[in-house]
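**Student:** Take this structure, written in structure tokens, and hold onto it; I'll ask about it next.
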Amino acid sequence: MNIFVLMKRTFDTEEKIVIQNGKVSEEGAEFIINPYDEYAIEEAIQVRDKHGGEVTVVTVGNEDAEKELRTALAMGADKAVLINIEDDVEDGDQYTTAKVLAEYLKDKEADLILAGNVAIDGGSGQVGPRVAELLGIPYVTTITKLEIDGTNVKVVRDVEGDEEIIETSLPLLVTAQQGLNEPRYPSLPGIMKAKKKPLEELELDDLDLDEDDVEAKTKTIEIFLPPKKEAGKILQGDIADQVKELVSLLHTEAKVI
Amino acid sequence: MNFELTKEQQMIKEMVRDFAEKEIKPHAAEWDETAAFPIETFKKMGELGLLGIPFPEEYGGSGGDTISYAIAVEEIGRACGGTGLSYAAAISLGASPIYYFGTEEQKQKWLVPMAKGETLGAFGLTEPNAGSDAGGTRTRAVLDGDEYVINGEKCWITNAGYARQVIVTAVTGKDENGKNIISAIIVPTDAPGFTINCNYDKMGVRASNTCELVLEDVRVPKENLLGDPKKGFKQFLYTLDGGRISIAALAVGIAQAAFEKALQYSKERMQFGQSISKFQAIQFKLADMAMQIELARNMVYKAAWLKDNNKPFTKEASFAKLFASEMGFQICNQAIQIHGGYGYMKEYEVERHLRDIKLMEIGEGTSEVQRIVIARQLGC
């Protein structure tokens, strides 16, 4: 089975976000594999171990992503591909990433593509579905279980805490939700072997794409941190007065009514 | 010069930290309380290849370097000092001597299963009357036909209760100057006459297994002699040089844990209307702590780098061990001070770090012995 995983390098969840000159500062920050993509990598390895084939992990980014790709290889993926758009694209968005990935994947005859359900930084959850649309294959998001029998696939999907069971067929793209599996630690021999596994680096040119083809469809107007949490206010006096005051504050201060 | 870790070293650091945070740290207080050796955790560490980091693949290892190994010790020690000690002892004392000095046959038989994490090994050097003065070893091994017959006692031997074999140092004769010849012999722990008692009630590193060994007419084949029969003493000095790097790394890990708790607490603790981290008295302590840890870590990496590059590292390993253990003790002490009365309570888990790190000034050569080693390297 020809399996691909779409992976993103993201900020460590424990990192404190600092905004400098209208951008999230990356200085000194720790980076990790997007946690939802870790589930996708783990599932891909399990599917390969059960049904045979090969797992290729693909990322769109810059050369710093090599460490995360090597980590995926250390977990057990067979190949990695870095599509480096740093020199060609200044401000990409989900459209950019999806277009690049789809262009790369279109002649790869993928049977199964896995991605994280959402990246913990941007949080749009769009790249996976967009890639499937561009490739013209079905997709199922936020899955918690995957069973493959020949080309028939049974998927359990998380719908806000409930389960939806979907039957579909390969080729297919799925996005992983927490609970799909327990990602393994990369083993020491895995880490040492990872440096010998193939890691291909491509640029837009190699995919016959121009900057214009992948130009972002959205514009970022402003980036700001959520307002600092302030101490709560405890109202005093008669209940009737408190209610009046509360209603008035909701109108004038919180402006939610 | 390049102060950056390689990608592999970074990945190992992340993986071990992740593992230690999830599989070790949550249990550290309980293991300390009950003095329980976490054998199941060692099995998991074995499966991940952590017990074979510095050994080549052909001997079941992961083919990593000493720096990677030191990183792993630091990260495990950051989660639990006792687990860190048993981990460091398993590799530096249990397995490394066989890798350095063993025959091919001995490596296949004893080293490979250890590097794969299937078995543990121990190193029996210290005796009730021979600690810093290792030359005063009284355990004797006498050749009888094709077998050595060993008699003697060893004390404070790490991991012996879970070991498949112990490398025991013993007097095998006298040289032309009348000095004792000390050899190292591999003794299977199931050999008749070999008694192992693990009843010590320790101050710290309580998750680590520590035992007393009694050998009464224990017979082992003479092929179990490790390395050069006349150079047992030199061999264990070399072994201890390597072990010191790991003890230094362990001290850095424990100190790092204490520092992180002190920093966090000082930001949360409010006195006189502000967090105590706003007071210079606390800031100066934290600044000193962060500086000392970084200096010690750099020394650990340098000693490990020298070893990896086959350069002499005796002096640097002693620098690292001495500095890291003494600064670490101060840091754990200051971490309690910053916590005030809460720090004196077990619930806050900083007092454990002080109890754990005290051993680093004693084990694998006391601070005093380190100063002797350094002075000798200076030509005194």
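Letters A, B, ... go to the chains of the structure tokens in the order shown; residues in each chain start at 1; ligands are counted from 1 in the same order.
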Using only C-alpha atoms, select each residue of chain B with any atom at most 12 Å away from an atom of chain A, and give the selection as a short mmCIF file (atom, residue, chain, number, x, y, z; two decimals) with C-alpha atoms, in the first residue's frame.

**Tutor:**
data_model
loop_
_atom_site.label_atom_id
_atom_site.label_comp_id
_atom_site.auth_asym_id
_atom_site.auth_seq_id
_atom_site.Cartn_x
_atom_site.Cartn_y
_atom_site.Cartn_z
CA LEU B 5 23.93 19.23 19.40
CA THR B 6 23.63 17.10 16.27
CA LYS B 7 20.14 16.28 14.98
CA GLU B 8 20.44 12.77 16.43
CA GLN B 9 21.47 14.16 19.81
CA GLN B 10 18.55 16.60 19.76
CA MET B 11 16.14 13.82 18.84
CA ILE B 12 17.51 11.60 21.61
CA LYS B 13 17.12 14.46 24.09
CA GLU B 14 13.51 15.04 23.08
CA MET B 15 12.64 11.37 23.06
CA VAL B 16 14.19 10.66 26.48
CA ARG B 17 12.65 13.79 27.99
CA ASP B 18 9.25 12.80 26.64
CA PHE B 19 9.66 9.25 27.94
CA ALA B 20 10.92 10.38 31.35
CA LYS B 22 5.45 10.34 31.05
CA GLU B 23 6.87 7.08 32.34
CA LYS B 44 10.59 -0.27 28.47
CA MET B 45 13.88 1.62 28.37
CA GLY B 46 15.52 -1.52 27.03
CA GLU B 47 12.93 -1.86 24.26
CA LEU B 48 13.62 1.72 23.18
CA GLY B 49 17.35 0.98 23.00
CA LEU B 50 18.23 3.31 25.87
CA LEU B 51 20.38 0.70 27.62
CA GLY B 52 22.59 0.31 24.57
CA ILE B 53 23.22 3.93 23.59
CA PRO B 54 27.05 3.97 23.61
CA PHE B 55 27.57 0.49 22.16
CA PRO B 56 27.79 -0.38 18.46
CA GLU B 57 24.97 -2.14 16.63
CA GLU B 58 27.03 -5.33 16.24
CA GLY B 60 23.11 -5.01 20.24
CA GLY B 61 23.59 -1.32 20.93
CA SER B 62 22.29 1.80 19.25
CA GLY B 63 25.63 3.13 18.02
CA GLY B 64 25.27 6.47 19.78
CA ASP B 65 28.05 8.48 21.36
CA SER B 68 24.02 11.16 23.66
CA TYR B 69 24.41 8.84 26.63
CA ALA B 72 19.93 10.49 28.36
CA ALA B 115 22.82 -3.57 25.32
CA LYS B 116 19.50 -4.88 24.03
CA GLY B 117 18.01 -4.22 27.45
#

**Student:** I'd like the neighbourhood of Leu295 of chain B as a PDB file with all heavy atoms, in the first residue's frame, where a residue qualifies if any of its atoms comes within 12 Å (using only C-alpha atoms), though same-chain residues fewer than 3 positions away should be ignored.

**Tutor:**
ATOM      1  N   ALA B 248      28.256  12.915  36.691  1.00  0.00           N
ATOM      2  CA  ALA B 248      28.181  14.370  36.514  1.00  0.00           C
ATOM      3  C   ALA B 248      26.890  14.741  35.778  1.00  0.00           C
ATOM      4  O   ALA B 248      26.183  15.675  36.164  1.00  0.00           O
ATOM      5  CB  ALA B 248      29.396  14.863  35.738  1.00  0.00           C
ATOM      6  N   ALA B 249      26.565  13.987  34.733  1.00  0.00           N
ATOM      7  CA  ALA B 249      25.339  14.252  33.968  1.00  0.00           C
ATOM      8  C   ALA B 249      24.110  14.073  34.857  1.00  0.00           C
ATOM      9  O   ALA B 249      23.143  14.832  34.769  1.00  0.00           O
ATOM     10  CB  ALA B 249      25.253  13.319  32.763  1.00  0.00           C
ATOM     11  N   VAL B 252      23.702  17.031  37.067  1.00  0.00           N
ATOM     12  CA  VAL B 252      23.125  18.142  36.298  1.00  0.00           C
ATOM     13  C   VAL B 252      21.603  17.960  36.167  1.00  0.00           C
ATOM     14  O   VAL B 252      20.836  18.903  36.355  1.00  0.00           O
ATOM     15  CB  VAL B 252      23.779  18.249  34.895  1.00  0.00           C
ATOM     16  CG1 VAL B 252      23.024  19.253  34.021  1.00  0.00           C
ATOM     17  CG2 VAL B 252      25.243  18.662  35.017  1.00  0.00           C
ATOM     18  N   ASP B 288      22.367  32.460  39.963  1.00  0.00           N
ATOM     19  CA  ASP B 288      23.519  31.600  40.257  1.00  0.00           C
ATOM     20  C   ASP B 288      23.218  30.144  39.892  1.00  0.00           C
ATOM     21  O   ASP B 288      24.066  29.439  39.346  1.00  0.00           O
ATOM     22  CB  ASP B 288      23.873  31.681  41.747  1.00  0.00           C
ATOM     23  CG  ASP B 288      24.597  32.981  42.092  1.00  0.00           C
ATOM     24  OD1 ASP B 288      25.023  33.680  41.154  1.00  0.00           O
ATOM     25  OD2 ASP B 288      24.732  33.295  43.292  1.00  0.00           O
ATOM     26  N   MET B 289      22.007  29.715  40.208  1.00  0.00           N
ATOM     27  CA  MET B 289      21.641  28.323  39.931  1.00  0.00           C
ATOM     28  C   MET B 289      21.715  28.048  38.417  1.00  0.00           C
ATOM     29  O   MET B 289      22.328  27.069  37.980  1.00  0.00           O
ATOM     30  CB  MET B 289      20.212  28.051  40.431  1.00  0.00           C
ATOM     31  CG  MET B 289      20.082  28.003  41.940  1.00  0.00           C
ATOM     32  SD  MET B 289      18.352  28.245  42.450  1.00  0.00           S
ATOM     33  CE  MET B 289      17.882  26.599  42.835  1.00  0.00           C
ATOM     34  N   ALA B 290      21.085  28.920  37.641  1.00  0.00           N
ATOM     35  CA  ALA B 290      21.050  28.715  36.185  1.00  0.00           C
ATOM     36  C   ALA B 290      22.466  28.709  35.614  1.00  0.00           C
ATOM     37  O   ALA B 290      22.811  27.882  34.761  1.00  0.00           O
ATOM     38  CB  ALA B 290      20.217  29.809  35.523  1.00  0.00           C
ATOM     39  N   MET B 291      23.297  29.615  36.123  1.00  0.00           N
ATOM     40  CA  MET B 291      24.680  29.716  35.624  1.00  0.00           C
ATOM     41  C   MET B 291      25.471  28.451  35.948  1.00  0.00           C
ATOM     42  O   MET B 291      26.141  27.882  35.089  1.00  0.00           O
ATOM     43  CB  MET B 291      25.337  30.937  36.270  1.00  0.00           C
ATOM     44  CG  MET B 291      26.824  31.040  36.008  1.00  0.00           C
ATOM     45  SD  MET B 291      27.548  32.480  36.828  1.00  0.00           S
ATOM     46  CE  MET B 291      27.524  31.977  38.538  1.00  0.00           C
ATOM     47  N   GLN B 292      25.369  28.010  37.190  1.00  0.00           N
ATOM     48  CA  GLN B 292      26.161  26.845  37.603  1.00  0.00           C
ATOM     49  C   GLN B 292      25.750  25.591  36.849  1.00  0.00           C
ATOM     50  O   GLN B 292      26.589  24.772  36.475  1.00  0.00           O
ATOM     51  CB  GLN B 292      25.969  26.616  39.098  1.00  0.00           C
ATOM     52  CG  GLN B 292      26.320  27.835  39.899  1.00  0.00           C
ATOM     53  CD  GLN B 292      27.417  27.540  40.910  1.00  0.00           C
ATOM     54  OE1 GLN B 292      28.201  26.634  40.711  1.00  0.00           O
ATOM     55  NE2 GLN B 292      27.457  28.303  41.971  1.00  0.00           N
ATOM     56  N   ASN B 298      28.142  22.091  30.385  1.00  0.00           N
ATOM     57  CA  ASN B 298      29.197  22.263  29.382  1.00  0.00           C
ATOM     58  C   ASN B 298      30.408  21.386  29.686  1.00  0.00           C
ATOM     59  O   ASN B 298      31.019  20.823  28.782  1.00  0.00           O
ATOM     60  CB  ASN B 298      29.629  23.728  29.308  1.00  0.00           C
ATOM     61  CG  ASN B 298      28.679  24.544  28.456  1.00  0.00           C
ATOM     62  OD1 ASN B 298      27.918  23.989  27.670  1.00  0.00           O
ATOM     63  ND2 ASN B 298      28.715  25.847  28.609  1.00  0.00           N
ATOM     64  N   MET B 299      30.744  21.272  30.956  1.00  0.00           N
ATOM     65  CA  MET B 299      31.901  20.429  31.328  1.00  0.00           C
ATOM     66  C   MET B 299      31.594  18.957  31.050  1.00  0.00           C
ATOM     67  O   MET B 299      32.470  18.219  30.600  1.00  0.00           O
ATOM     68  CB  MET B 299      32.226  20.654  32.811  1.00  0.00           C
ATOM     69  CG  MET B 299      33.610  20.184  33.205  1.00  0.00           C
ATOM     70  SD  MET B 299      34.911  21.117  32.384  1.00  0.00           S
ATOM     71  CE  MET B 299      35.834  19.807  31.610  1.00  0.00           C
ATOM     72  N   VAL B 300      30.358  18.558  31.318  1.00  0.00           N
ATOM     73  CA  VAL B 300      29.964  17.169  31.024  1.00  0.00           C
ATOM     74  C   VAL B 300      30.124  16.904  29.529  1.00  0.00           C
ATOM     75  O   VAL B 300      30.710  15.909  29.108  1.00  0.00           O
ATOM     76  CB  VAL B 300      28.493  16.911  31.445  1.00  0.00           C
ATOM     77  CG1 VAL B 300      28.017  15.546  30.941  1.00  0.00           C
ATOM     78  CG2 VAL B 300      28.340  16.993  32.951  1.00  0.00           C
ATOM     79  N   TYR B 301      29.597  17.827  28.708  1.00  0.00           N
ATOM     80  CA  TYR B 301      29.668  17.642  27.258  1.00  0.00           C
ATOM     81  C   TYR B 301      31.123  17.613  26.795  1.00  0.00           C
ATOM     82  O   TYR B 301      31.494  16.843  25.913  1.00  0.00           O
ATOM     83  CB  TYR B 301      28.923  18.768  26.524  1.00  0.00           C
ATOM     84  CG  TYR B 301      27.411  18.696  26.613  1.00  0.00           C
ATOM     85  CD1 TYR B 301      26.618  19.728  26.120  1.00  0.00           C
ATOM     86  CD2 TYR B 301      26.763  17.597  27.177  1.00  0.00           C
ATOM     87  CE1 TYR B 301      25.226  19.673  26.193  1.00  0.00           C
ATOM     88  CE2 TYR B 301      25.374  17.551  27.255  1.00  0.00           C
ATOM     89  CZ  TYR B 301      24.615  18.576  26.767  1.00  0.00           C
ATOM     90  OH  TYR B 301      23.243  18.524  26.830  1.00  0.00           O
ATOM     91  N   LYS B 302      31.956  18.454  27.397  1.00  0.00           N
ATOM     92  CA  LYS B 302      33.358  18.470  26.954  1.00  0.00           C
ATOM     93  C   LYS B 302      34.042  17.150  27.289  1.00  0.00           C
ATOM     94  O   LYS B 302      34.742  16.579  26.451  1.00  0.00           O
ATOM     95  CB  LYS B 302      34.117  19.636  27.591  1.00  0.00           C
ATOM     96  CG  LYS B 302      35.559  19.669  27.111  1.00  0.00           C
ATOM     97  CD  LYS B 302      36.345  20.874  27.540  1.00  0.00           C
ATOM     98  CE  LYS B 302      37.761  20.766  26.988  1.00  0.00           C
ATOM     99  NZ  LYS B 302      38.621  21.834  27.492  1.00  0.00           N
ATOM    100  N   PHE B 319      36.799  16.863  36.710  1.00  0.00           N
ATOM    101  CA  PHE B 319      36.282  18.251  36.779  1.00  0.00           C
ATOM    102  C   PHE B 319      34.752  18.223  36.768  1.00  0.00           C
ATOM    103  O   PHE B 319      34.085  18.843  37.596  1.00  0.00           O
ATOM    104  CB  PHE B 319      36.711  19.068  35.550  1.00  0.00           C
ATOM    105  CG  PHE B 319      38.123  19.610  35.565  1.00  0.00           C
ATOM    106  CD1 PHE B 319      38.676  20.139  34.402  1.00  0.00           C
ATOM    107  CD2 PHE B 319      38.891  19.625  36.720  1.00  0.00           C
ATOM    108  CE1 PHE B 319      39.971  20.662  34.382  1.00  0.00           C
ATOM    109  CE2 PHE B 319      40.188  20.149  36.714  1.00  0.00           C
ATOM    110  CZ  PHE B 319      40.727  20.663  35.541  1.00  0.00           C
ATOM    111  N   ALA B 320      34.226  17.517  35.782  1.00  0.00           N
ATOM    112  CA  ALA B 320      32.775  17.503  35.587  1.00  0.00           C
ATOM    113  C   ALA B 320      32.075  16.910  36.801  1.00  0.00           C
ATOM    114  O   ALA B 320      31.113  17.465  37.324  1.00  0.00           O
ATOM    115  CB  ALA B 320      32.416  16.718  34.323  1.00  0.00           C
ATOM    116  N   PHE B 323      32.632  19.218  40.016  1.00  0.00           N
ATOM    117  CA  PHE B 323      31.913  20.491  39.943  1.00  0.00           C
ATOM    118  C   PHE B 323      30.398  20.271  39.933  1.00  0.00           C
ATOM    119  O   PHE B 323      29.658  20.924  40.671  1.00  0.00           O
ATOM    120  CB  PHE B 323      32.345  21.272  38.698  1.00  0.00           C
ATOM    121  CG  PHE B 323      31.693  22.630  38.604  1.00  0.00           C
ATOM    122  CD1 PHE B 323      32.055  23.651  39.467  1.00  0.00           C
ATOM    123  CD2 PHE B 323      30.688  22.873  37.678  1.00  0.00           C
ATOM    124  CE1 PHE B 323      31.440  24.888  39.401  1.00  0.00           C
ATOM    125  CE2 PHE B 323      30.067  24.110  37.605  1.00  0.00           C
ATOM    126  CZ  PHE B 323      30.447  25.128  38.470  1.00  0.00           C
ATOM    127  N   ALA B 324      29.946  19.324  39.112  1.00  0.00           N
ATOM    128  CA  ALA B 324      28.496  19.107  38.986  1.00  0.00           C
ATOM    129  C   ALA B 324      27.893  18.632  40.301  1.00  0.00           C
ATOM    130  O   ALA B 324      26.807  19.074  40.689  1.00  0.00           O
ATOM    131  CB  ALA B 324      28.211  18.098  37.877  1.00  0.00           C
ATOM    132  N   MET B 327      28.134  21.687  42.958  1.00  0.00           N
ATOM    133  CA  MET B 327      27.194  22.774  42.639  1.00  0.00           C
ATOM    134  C   MET B 327      25.760  22.258  42.771  1.00  0.00           C
ATOM    135  O   MET B 327      24.869  22.955  43.226  1.00  0.00           O
ATOM    136  CB  MET B 327      27.480  23.374  41.251  1.00  0.00           C
ATOM    137  CG  MET B 327      27.059  22.570  40.033  1.00  0.00           C
ATOM    138  SD  MET B 327      25.345  22.848  39.533  1.00  0.00           S
ATOM    139  CE  MET B 327      24.994  21.338  38.643  1.00  0.00           C
ATOM    140  N   GLY B 328      25.554  20.994  42.371  1.00  0.00           N
ATOM    141  CA  GLY B 328      24.211  20.417  42.418  1.00  0.00           C
ATOM    142  C   GLY B 328      23.685  20.341  43.839  1.00  0.00           C
ATOM    143  O   GLY B 328      22.509  20.625  44.098  1.00  0.00           O
TER     144      GLY B 328
END

**Student:** What lies within 10 Å of segment 172-179 of chain B using only C-alpha atoms, ignoring chain neighbours under 5 positions off, as JSON, numbers by chain?

**Tutor:** {"B": [135, 139, 140, 141, 142, 143, 148, 150, 184, 229, 230, 232]}

**Student:** For the selection you just gave me, I'd like the residues written to a file as an mmCIF file, in the first residue's frame, keeping C-alpha atoms.

**Tutor:**
data_model
loop_
_atom_site.group_PDB
_atom_site.id
_atom_site.type_symbol
_atom_site.label_atom_id
_atom_site.label_comp_id
_atom_site.auth_asym_id
_atom_site.auth_seq_id
_atom_site.Cartn_x
_atom_site.Cartn_y
_atom_site.Cartn_z
ATOM 1 C CA GLY B 135 44.010 -1.206 46.436
ATOM 2 C CA THR B 139 38.220 -10.423 48.056
ATOM 3 C CA ARG B 140 40.420 -13.237 46.735
ATOM 4 C CA ALA B 141 40.214 -15.416 43.665
ATOM 5 C CA VAL B 142 42.351 -18.528 43.563
ATOM 6 C CA LEU B 143 42.820 -20.590 40.414
ATOM 7 C CA TYR B 148 38.550 -19.479 39.938
ATOM 8 C CA ILE B 150 36.265 -16.596 44.901
ATOM 9 C CA ALA B 184 38.203 -8.450 37.324
ATOM 10 C CA PRO B 229 44.723 -10.404 34.544
ATOM 11 C CA LYS B 230 47.367 -8.015 35.857
ATOM 12 C CA GLY B 232 42.366 -5.157 36.781
#

**Student:** Excluding Ile331 of chain B and its own-chain neighbours fewer than 2 positions away, which residues fall within 10 Å of it when counting only C-alpha atoms? Please give them as a ChimeraX atom specification.

**Tutor:** /B:254-259,262,285-286,288-290,292-293,325-329,333-337,353-354,357

**Student:** With DSSP run on the backbone, what are the strand (DSSP E) residues within segment 71-243 of chain B? I'd like them as a short mmCIF file (atom, residue, chain, number, x, y, z; two decimals) with N, CA and C atoms, in the first residue's frame.

**Tutor:**
data_model
loop_
_atom_site.label_atom_id
_atom_site.label_comp_id
_atom_site.auth_asym_id
_atom_site.auth_seq_id
_atom_site.Cartn_x
_atom_site.Cartn_y
_atom_site.Cartn_z
N LEU B 120 20.41 -6.96 33.03
CA LEU B 120 21.18 -5.89 33.66
C LEU B 120 22.47 -6.49 34.23
N GLY B 121 23.48 -5.65 34.37
CA GLY B 121 24.73 -6.10 34.96
C GLY B 121 25.16 -5.15 36.05
N ALA B 122 26.09 -5.62 36.91
CA ALA B 122 26.59 -4.78 38.00
C ALA B 122 28.10 -4.89 38.08
N PHE B 123 28.68 -4.00 38.87
CA PHE B 123 30.13 -3.91 39.01
C PHE B 123 30.45 -3.92 40.50
N GLY B 124 31.16 -4.95 40.96
CA GLY B 124 31.43 -5.09 42.39
C GLY B 124 32.86 -4.73 42.73
N ARG B 140 39.35 -12.47 47.38
CA ARG B 140 40.42 -13.24 46.74
C ARG B 140 39.84 -14.21 45.72
N ALA B 141 40.59 -14.40 44.65
CA ALA B 141 40.21 -15.42 43.66
C ALA B 141 41.43 -16.30 43.45
N VAL B 142 41.24 -17.59 43.68
CA VAL B 142 42.35 -18.53 43.56
C VAL B 142 42.05 -19.50 42.43
N LEU B 143 43.03 -19.68 41.55
CA LEU B 143 42.82 -20.59 40.41
C LEU B 143 42.92 -22.03 40.90
N ASP B 144 41.89 -22.82 40.62
CA ASP B 144 41.89 -24.24 40.99
C ASP B 144 41.52 -25.01 39.73
N GLU B 147 39.10 -23.37 37.09
CA GLU B 147 38.13 -22.49 37.72
C GLU B 147 38.77 -21.55 38.74
N TYR B 148 38.18 -20.36 38.84
CA TYR B 148 38.55 -19.48 39.94
C TYR B 148 37.62 -19.77 41.11
N VAL B 149 38.20 -19.79 42.31
CA VAL B 149 37.38 -19.93 43.52
C VAL B 149 37.46 -18.59 44.24
N ILE B 150 36.29 -17.97 44.39
CA ILE B 150 36.26 -16.60 44.90
C ILE B 150 35.64 -16.54 46.29
N ASN B 151 36.30 -15.78 47.18
CA ASN B 151 35.78 -15.55 48.53
C ASN B 151 35.92 -14.08 48.88
N GLY B 152 34.88 -13.53 49.47
CA GLY B 152 34.97 -12.14 49.90
C GLY B 152 33.61 -11.48 50.04
N GLU B 153 33.64 -10.18 50.31
CA GLU B 153 32.41 -9.40 50.50
C GLU B 153 32.49 -8.10 49.74
N LYS B 154 31.37 -7.68 49.22
CA LYS B 154 31.30 -6.38 48.53
C LYS B 154 30.11 -5.61 49.11
N CYS B 155 30.21 -4.30 49.10
CA CYS B 155 29.06 -3.54 49.61
C CYS B 155 28.67 -2.40 48.68
N TRP B 156 27.39 -1.96 48.81
CA TRP B 156 26.80 -0.85 48.05
C TRP B 156 26.92 -1.06 46.55
N ILE B 157 26.59 -2.25 46.09
CA ILE B 157 26.71 -2.56 44.67
C ILE B 157 25.37 -2.30 43.97
N THR B 158 25.38 -1.33 43.06
CA THR B 158 24.16 -0.90 42.38
C THR B 158 23.66 -1.96 41.40
N ALA B 163 20.69 -8.12 38.58
CA ALA B 163 21.72 -8.38 37.57
C ALA B 163 21.81 -9.85 37.21
N ARG B 164 22.19 -10.11 35.95
CA ARG B 164 22.46 -11.48 35.52
C ARG B 164 23.88 -11.86 35.94
N GLN B 165 24.76 -10.86 35.98
CA GLN B 165 26.13 -11.12 36.38
C GLN B 165 26.72 -9.87 37.01
N VAL B 166 27.74 -10.11 37.87
CA VAL B 166 28.45 -9.00 38.49
C VAL B 166 29.93 -9.13 38.12
N ILE B 167 30.53 -8.01 37.71
CA ILE B 167 31.98 -8.02 37.50
C ILE B 167 32.60 -7.75 38.87
N VAL B 168 33.31 -8.75 39.39
CA VAL B 168 33.84 -8.66 40.75
C VAL B 168 35.34 -8.44 40.67
N THR B 169 35.85 -7.49 41.43
CA THR B 169 37.31 -7.32 41.49
C THR B 169 37.83 -8.16 42.66
N ALA B 170 38.96 -8.82 42.43
CA ALA B 170 39.51 -9.71 43.46
C ALA B 170 41.03 -9.77 43.33
N VAL B 171 41.67 -10.03 44.44
CA VAL B 171 43.13 -10.20 44.45
C VAL B 171 43.45 -11.59 43.91
N THR B 172 44.31 -11.65 42.91
CA THR B 172 44.65 -12.96 42.33
C THR B 172 46.12 -13.31 42.54
N GLY B 173 46.86 -12.46 43.23
CA GLY B 173 48.27 -12.79 43.47
C GLY B 173 49.05 -11.55 43.86
N LYS B 174 50.38 -11.67 43.86
CA LYS B 174 51.23 -10.53 44.18
C LYS B 174 52.24 -10.31 43.06
N ASN B 180 49.55 -6.30 45.72
CA ASN B 180 48.45 -7.15 45.26
C ASN B 180 48.15 -6.95 43.79
N ILE B 181 47.96 -8.06 43.07
CA ILE B 181 47.46 -7.98 41.69
C ILE B 181 45.94 -8.11 41.77
N ILE B 182 45.27 -7.11 41.22
CA ILE B 182 43.81 -7.16 41.26
C ILE B 182 43.27 -7.45 39.86
N SER B 183 42.39 -8.43 39.77
CA SER B 183 41.78 -8.79 38.48
C SER B 183 40.27 -8.58 38.56
N ALA B 184 39.66 -8.56 37.39
CA ALA B 184 38.20 -8.45 37.32
C ALA B 184 37.66 -9.75 36.75
N ILE B 185 36.63 -10.30 37.40
CA ILE B 185 36.08 -11.59 36.99
C ILE B 185 34.56 -11.48 36.87
N ILE B 186 34.03 -12.04 35.78
CA ILE B 186 32.57 -12.01 35.58
C ILE B 186 31.95 -13.16 36.36
N VAL B 187 31.07 -12.83 37.31
CA VAL B 187 30.46 -13.86 38.15
C VAL B 187 28.95 -13.86 37.95
N PRO B 188 28.39 -14.98 37.41
CA PRO B 188 26.93 -15.04 37.26
C PRO B 188 26.26 -14.99 38.63
N PHE B 194 26.99 -17.63 46.00
CA PHE B 194 26.91 -16.18 45.77
C PHE B 194 25.60 -15.67 46.41
N THR B 195 25.74 -14.90 47.48
CA THR B 195 24.55 -14.37 48.16
C THR B 195 24.46 -12.87 47.94
N ILE B 196 23.25 -12.41 47.59
CA ILE B 196 23.03 -10.99 47.33
C ILE B 196 21.90 -10.49 48.24
N ASN B 197 22.22 -9.55 49.11
CA ASN B 197 21.20 -8.96 50.00
C ASN B 197 21.00 -7.50 49.63
N THR B 210 20.40 -1.34 45.56
CA THR B 210 21.76 -1.36 46.12
C THR B 210 21.93 -2.58 47.01
N CYS B 211 23.02 -3.31 46.81
CA CYS B 211 23.13 -4.60 47.48
C CYS B 211 24.50 -4.86 48.09
N GLU B 212 24.45 -5.82 49.00
CA GLU B 212 25.65 -6.35 49.64
C GLU B 212 25.88 -7.73 49.02
N LEU B 213 27.13 -8.04 48.69
CA LEU B 213 27.42 -9.34 48.07
C LEU B 213 28.31 -10.15 49.01
N VAL B 214 27.97 -11.43 49.14
CA VAL B 214 28.84 -12.33 49.89
C VAL B 214 29.20 -13.48 48.97
N LEU B 215 30.52 -13.71 48.79
CA LEU B 215 30.97 -14.79 47.92
C LEU B 215 31.68 -15.83 48.79
N GLU B 216 31.09 -17.04 48.81
CA GLU B 216 31.69 -18.12 49.59
C GLU B 216 32.01 -19.29 48.67
N ASP B 217 33.30 -19.48 48.40
CA ASP B 217 33.75 -20.55 47.50
C ASP B 217 32.97 -20.56 46.19
N VAL B 218 32.77 -19.39 45.62
CA VAL B 218 32.06 -19.29 44.34
C VAL B 218 33.02 -19.70 43.23
N ARG B 219 32.60 -20.66 42.41
CA ARG B 219 33.48 -21.17 41.35
C ARG B 219 32.98 -20.66 39.99
N VAL B 220 33.89 -20.05 39.24
CA VAL B 220 33.54 -19.65 37.86
C VAL B 220 34.66 -20.11 36.93
N PRO B 221 34.32 -20.44 35.67
CA PRO B 221 35.36 -20.88 34.73
C PRO B 221 36.41 -19.78 34.54
N LEU B 225 37.53 -14.47 33.40
CA LEU B 225 38.44 -13.38 33.72
C LEU B 225 38.26 -12.29 32.67
N LEU B 226 38.12 -11.04 33.14
CA LEU B 226 37.86 -9.93 32.20
C LEU B 226 39.13 -9.14 31.94
#

**Student:** Using only C-alpha atoms, which residues sit within 9 Å of Leu204 of chain A once same-chain residues fewer than 6 positions away are excluded, as a PDB file with C-alpha atoms, in the first residue's frame?

**Tutor:**
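Written out: around_13.pdb:
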ATOM      1  CA  ILE A  83       9.049  20.735  -0.110  1.00  0.00           C
ATOM      2  CA  ASN A  84      11.008  23.874   0.649  1.00  0.00           C
ATOM      3  CA  ILE A  85       9.047  26.987  -0.294  1.00  0.00           C
ATOM      4  CA  ASP A  88       9.541  31.303  -3.312  1.00  0.00           C
ATOM      5  CA  VAL A 100       1.744  22.432  -3.280  1.00  0.00           C
ATOM      6  CA  ASP A 210       5.101  29.268 -10.147  1.00  0.00           C
ATOM      7  CA  GLU A 211       4.790  31.602  -7.199  1.00  0.00           C
TER       8      GLU A 211
END
